[in-house]
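Enquirer: Starting off with a structure, shown below.
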Amino acid sequence: MTEPTTAQPTDYETIRVERSGRVAWITLDRPDALNALNTQLMQELVAAATELDRDDSVGAIVVTGSEKAFAAGADIKEMSSRSTAQMREANHFGPWLDFARVETPVIAVVSGYALGGGFELALMCDVILAADSATFGFPEIGLGVIPGIGGTQRIVRAIGYPKAAELVLTGRRIDAAEADALGIVSRVVPAAELRAEAERLAESIATKSLPALKAAKAALDAALETGLEEGLALEAERFTALFDTADQKEGMAAFSEKRKPAFRHR
Ligand code: DAK
């Protein structure tokens, strides 16, 4: 297992950002609150992800938590006494839209609790790698609220209405095996192997051509957000545009020459 090599110079207090080759790791770091997503953590996470997204030396961003918790939801203590007007004023939705707009592939590496906003954060990522210890759920209904950062929309798209409705309306927690069977996660691995498997997965994405990765992500996103014809048009345009990249020439030359491509990410 490779240890992260380069620490990012940042003032972050609720997350840690590290680099290992072309992979950037963002680790949620509020252990006393099981990584509950308070305003500061949300702002730091979104700032870090958008900054990494502008950096062409980053080919994949990993978001992870601790062994016990990916994130136990939005911070209940921070928002419990707020009024509707105060919640509107706080504008918790805008930054999460920015997170979802990140063009670089984002991988959620989930161990332990991914509840409420934590589950929603995982659903905003492109790939979810889960430990067999992971637990997912939307407890919001039991708190007198509903998921508020995309949970109802993304879970329906991920697993269909009936299964999604049961999870949202009951707040029932599910384990990693059920999340896998429902198609919520990309893959489940033994907890002891999570870090090594996450490194392998992130590396296998991050070393591909960055323009192609961003085009692939945009095309995948279009499948969720547009009709088929519009999605097909976007895919065709992004495919075609890649033929002016150095990496497309290199990738296809490498195939003909029976060698590995040396992508320059442009
Ligand atoms: N918020 C604040 N603190 C939390 C927390 C949370 N979500 N989850 C855990 N903690 C804190 C606990 O209060 C405790 O702190 P101390 O009492 O020690 O000071 C510490 O973390 C350890 O937690 P526990 O002692 O409870 O640990 P256990 O192992 O016994 O239980 C648990 C773990 C995950 C089952 C339990 O902590 C739990 O049920 N946590 C709450 C899970 C939950 O209901 N999550 C959903 C939150 S609602 C919005 C968008 C989205 C949302 C909101 C707004 N806008 C756009 C405005 C989303 C809403 C949610 O996510």
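Lettering and numbering for the structure tokens are positional, with chains as A, B, ... in the shown order, residues counted from 1 in each chain, and ligands counted from 1 in the shown order.
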Give the residues close to ligand 1, within 6 Å, counting only C-alpha atoms and all ligand atoms; write them as a list of chain:residue names.
Expert: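 These are the residues that qualify: A:Asp32, A:Ala33, A:Leu34, A:Ala36, A:Ala72, A:Gly73, A:Ala74, A:Asp75, A:Ile76, A:Lys77, A:Met87, A:His92, A:Phe93, A:Tyr113, A:Leu115, A:Gly116, A:Gly117, A:Pro139, A:Glu140, A:Pro147, A:Gly148, A:Ile149.
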Enquirer: Residues at most 12 Å from Ile107 (chain A), counting only C-alpha atoms, excluding those fewer than 4 positions away in the same chain, as number ranges by chain?
Expert: A: 23-27, 49, 59-64, 102, 121-130, 185-187, 197-206
Enquirer: Extract the full set of strand (DSSP E or B) residues from region 174-265 of chain A according to DSSP on the backbone, and format it as a list of chain:residue names.
Expert: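 For region 174-265 of chain A, the strand (DSSP E or B) set is A:Ile174, A:Asp175, A:Arg187, A:Val188, A:Val189.
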Enquirer: Figure out the distance between CA of Lys217 (chain A) and CA of Ala233 (chain A), please, to one decimal in Å.
Expert: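 Between CA of Ala233 (chain A) and CA of Lys217 (chain A) the gap works out to 14.7 Å.
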Enquirer: Can you list, as a PyMOL selection string, every protein, DNA or RNA residue that comes within 10 Å of Val188 (chain A) when you count only C-alpha atoms, leaving out same-chain residues fewer than 6 positions away?
Expert: chain A and resi 110+128-134+176-177+179-180+194+197
Enquirer: Using C-alpha atoms, can you export the residues from the last selection as a PDB file, in the first residue's frame?
Expert:
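Dumped to selection.pdb:
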```pdb
ATOM      1  CA  VAL A 110     -17.018   4.477   2.474  1.00  0.00           C
ATOM      2  CA  ILE A 128     -18.744   4.353  -4.477  1.00  0.00           C
ATOM      3  CA  LEU A 129     -16.313   1.803  -3.066  1.00  0.00           C
ATOM      4  CA  ALA A 130     -17.681   0.432   0.205  1.00  0.00           C
ATOM      5  CA  ALA A 131     -16.209  -1.614   3.017  1.00  0.00           C
ATOM      6  CA  ASP A 132     -18.308  -4.546   4.171  1.00  0.00           C
ATOM      7  CA  SER A 133     -18.748  -2.554   7.403  1.00  0.00           C
ATOM      8  CA  ALA A 134     -20.538   0.309   5.625  1.00  0.00           C
ATOM      9  CA  ALA A 176     -23.143  -2.913   2.522  1.00  0.00           C
ATOM     10  CA  ALA A 177     -24.411  -6.213   1.133  1.00  0.00           C
ATOM     11  CA  ALA A 179     -26.530  -1.584  -0.801  1.00  0.00           C
ATOM     12  CA  ASP A 180     -24.559  -3.717  -3.263  1.00  0.00           C
ATOM     13  CA  LEU A 194     -10.559  -0.939   1.655  1.00  0.00           C
ATOM     14  CA  GLU A 197      -8.393  -1.380  -3.050  1.00  0.00           C
TER      15      GLU A 197
END
```
Enquirer: Tell me which protein, DNA and RNA residues are within 10 Å of Ala164 (chain A), counting only C-alpha atoms, leaving out same-chain ones fewer than 3 positions away, and put them as a count of residues only.
Expert: 15
Enquirer: Looking only at the backbone, which of the residues in region 93-166 of chain A does DSSP tag as alpha helix (DSSP H), as number ranges by chain?
Expert: A: 93-100, 117-124, 151-159, 161-166
Enquirer: Hey, can you spit out that residue selection with N, CA, C and O atoms as a CSV table (one decimal), in the first residue's frame?
Expert:
```
chain,number,residue,atom,x,y,z
A,93,PHE,N,-27.4,24.8,0.0
A,93,PHE,CA,-27.6,24.0,-1.2
A,93,PHE,C,-26.5,24.4,-2.2
A,93,PHE,O,-26.0,23.5,-2.9
A,94,GLY,N,-26.2,25.7,-2.3
A,94,GLY,CA,-25.3,26.2,-3.4
A,94,GLY,C,-24.0,25.5,-3.4
A,94,GLY,O,-23.6,25.0,-4.5
A,95,PRO,N,-23.3,25.4,-2.3
A,95,PRO,CA,-22.0,24.8,-2.3
A,95,PRO,C,-22.0,23.3,-2.8
A,95,PRO,O,-21.1,22.9,-3.5
A,96,TRP,N,-23.1,22.6,-2.4
A,96,TRP,CA,-23.2,21.2,-2.8
A,96,TRP,C,-23.4,21.1,-4.3
A,96,TRP,O,-22.9,20.1,-4.9
A,97,LEU,N,-24.1,22.1,-4.9
A,97,LEU,CA,-24.2,22.1,-6.4
A,97,LEU,C,-22.8,22.2,-7.0
A,97,LEU,O,-22.5,21.5,-8.0
A,98,ASP,N,-22.0,23.0,-6.4
A,98,ASP,CA,-20.6,23.2,-6.9
A,98,ASP,C,-19.8,21.9,-6.8
A,98,ASP,O,-19.1,21.5,-7.7
A,99,PHE,N,-20.0,21.2,-5.7
A,99,PHE,CA,-19.4,19.9,-5.5
A,99,PHE,C,-19.8,18.9,-6.6
A,99,PHE,O,-19.0,18.2,-7.3
A,100,ALA,N,-21.1,18.9,-6.9
A,100,ALA,CA,-21.6,18.0,-7.9
A,100,ALA,C,-21.2,18.4,-9.3
A,100,ALA,O,-21.2,17.5,-10.2
A,117,GLY,N,-27.0,13.3,5.1
A,117,GLY,CA,-26.1,14.0,4.2
A,117,GLY,C,-24.9,13.2,3.8
A,117,GLY,O,-24.3,13.5,2.7
A,118,GLY,N,-24.4,12.3,4.7
A,118,GLY,CA,-23.2,11.5,4.3
A,118,GLY,C,-23.5,10.6,3.2
A,118,GLY,O,-22.7,10.4,2.3
A,119,PHE,N,-24.7,10.0,3.2
A,119,PHE,CA,-25.2,9.1,2.1
A,119,PHE,C,-25.4,10.0,0.8
A,119,PHE,O,-24.9,9.6,-0.3
A,120,GLU,N,-25.9,11.2,1.0
A,120,GLU,CA,-26.1,12.0,-0.1
A,120,GLU,C,-24.8,12.5,-0.8
A,120,GLU,O,-24.7,12.5,-2.0
A,121,LEU,N,-23.8,12.7,0.1
A,121,LEU,CA,-22.5,13.0,-0.4
A,121,LEU,C,-21.9,11.9,-1.2
A,121,LEU,O,-21.4,12.1,-2.3
A,122,ALA,N,-22.0,10.7,-0.7
A,122,ALA,CA,-21.5,9.5,-1.5
A,122,ALA,C,-22.3,9.4,-2.8
A,122,ALA,O,-21.6,9.1,-3.9
A,123,LEU,N,-23.6,9.7,-2.8
A,123,LEU,CA,-24.3,9.6,-4.1
A,123,LEU,C,-23.9,10.7,-5.1
A,123,LEU,O,-24.2,10.5,-6.3
A,124,MET,N,-23.3,11.8,-4.6
A,124,MET,CA,-22.8,12.8,-5.5
A,124,MET,C,-21.6,12.4,-6.2
A,124,MET,O,-21.2,13.0,-7.2
A,151,GLY,N,-30.6,13.8,-2.1
A,151,GLY,CA,-30.8,12.3,-1.7
A,151,GLY,C,-32.1,11.8,-2.4
A,151,GLY,O,-32.0,10.7,-3.0
A,152,THR,N,-33.2,12.5,-2.4
A,152,THR,CA,-34.4,11.9,-3.0
A,152,THR,C,-34.2,11.8,-4.5
A,152,THR,O,-34.7,10.8,-5.1
A,153,GLN,N,-33.5,12.7,-5.1
A,153,GLN,CA,-33.4,12.7,-6.6
A,153,GLN,C,-32.4,11.6,-7.0
A,153,GLN,O,-32.7,10.9,-8.0
A,154,ARG,N,-31.3,11.6,-6.4
A,154,ARG,CA,-30.2,10.7,-6.8
A,154,ARG,C,-30.6,9.2,-6.5
A,154,ARG,O,-30.2,8.3,-7.2
A,155,ILE,N,-31.2,9.0,-5.3
A,155,ILE,CA,-31.5,7.6,-5.0
A,155,ILE,C,-32.5,7.0,-5.9
A,155,ILE,O,-32.5,5.8,-6.3
A,156,VAL,N,-33.5,7.8,-6.3
A,156,VAL,CA,-34.5,7.3,-7.3
A,156,VAL,C,-33.8,7.0,-8.6
A,156,VAL,O,-34.1,5.9,-9.2
A,157,ARG,N,-32.9,7.8,-9.1
A,157,ARG,CA,-32.2,7.6,-10.3
A,157,ARG,C,-31.3,6.3,-10.2
A,157,ARG,O,-31.1,5.6,-11.1
A,158,ALA,N,-30.8,6.1,-9.0
A,158,ALA,CA,-29.8,5.0,-8.8
A,158,ALA,C,-30.5,3.7,-8.7
A,158,ALA,O,-30.1,2.7,-9.3
A,159,ILE,N,-31.7,3.6,-8.0
A,159,ILE,CA,-32.3,2.3,-7.8
A,159,ILE,C,-33.7,2.2,-8.1
A,159,ILE,O,-34.4,1.1,-7.9
A,161,TYR,N,-37.9,4.0,-8.2
A,161,TYR,CA,-38.7,4.6,-7.2
A,161,TYR,C,-39.1,3.7,-6.0
A,161,TYR,O,-39.0,4.2,-4.9
A,162,PRO,N,-39.6,2.5,-6.3
A,162,PRO,CA,-40.1,1.8,-5.1
A,162,PRO,C,-39.1,1.5,-4.0
A,162,PRO,O,-39.3,1.7,-2.8
A,163,LYS,N,-37.9,1.1,-4.4
A,163,LYS,CA,-36.9,0.8,-3.5
A,163,LYS,C,-36.4,2.1,-2.8
A,163,LYS,O,-36.2,2.1,-1.6
A,164,ALA,N,-36.3,3.1,-3.6
A,164,ALA,CA,-35.9,4.4,-3.0
A,164,ALA,C,-36.9,5.0,-2.0
A,164,ALA,O,-36.6,5.5,-1.0
A,165,ALA,N,-38.2,4.8,-2.4
A,165,ALA,CA,-39.2,5.4,-1.6
A,165,ALA,C,-39.2,4.7,-0.2
A,165,ALA,O,-39.4,5.3,0.8
A,166,GLU,N,-39.0,3.4,-0.2
A,166,GLU,CA,-39.0,2.7,1.1
A,166,GLU,C,-37.8,3.2,2.0
A,166,GLU,O,-38.1,3.4,3.2
```
Enquirer: Which is closer to Arg101 (chain A) than all the others in A:Val46, A:Ala181, A:Ala241, A:Gly231, using only C-alpha atoms?
Expert: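 Of the candidates, the smallest distance to Arg101 (chain A) is held by A:Val46.
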Enquirer: So the first atom is CA of Thr245 (chain A) and the second is CA of Lys208 (chain A); what is the distance between them in Å, to one decimal place?
Expert: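 CA of Lys208 (chain A) lies at a distance of 13.2 Å from CA of Thr245 (chain A).
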Enquirer: Which value, in Å to one decimal, gives the distance between CA of Asp11 (chain A) and CA of Lys68 (chain A)?
Expert: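 These two atoms are separated by 24.8 Å.
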Enquirer: Looking at only C-alpha atoms, which of A:Ser111, A:Thr104, A:Ser20, A:Ser80 is the one that sits closest to Asn35 (chain A)?
Expert: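 Ranked by minimum distance to Asn35 (chain A), first place goes to A:Ser111.
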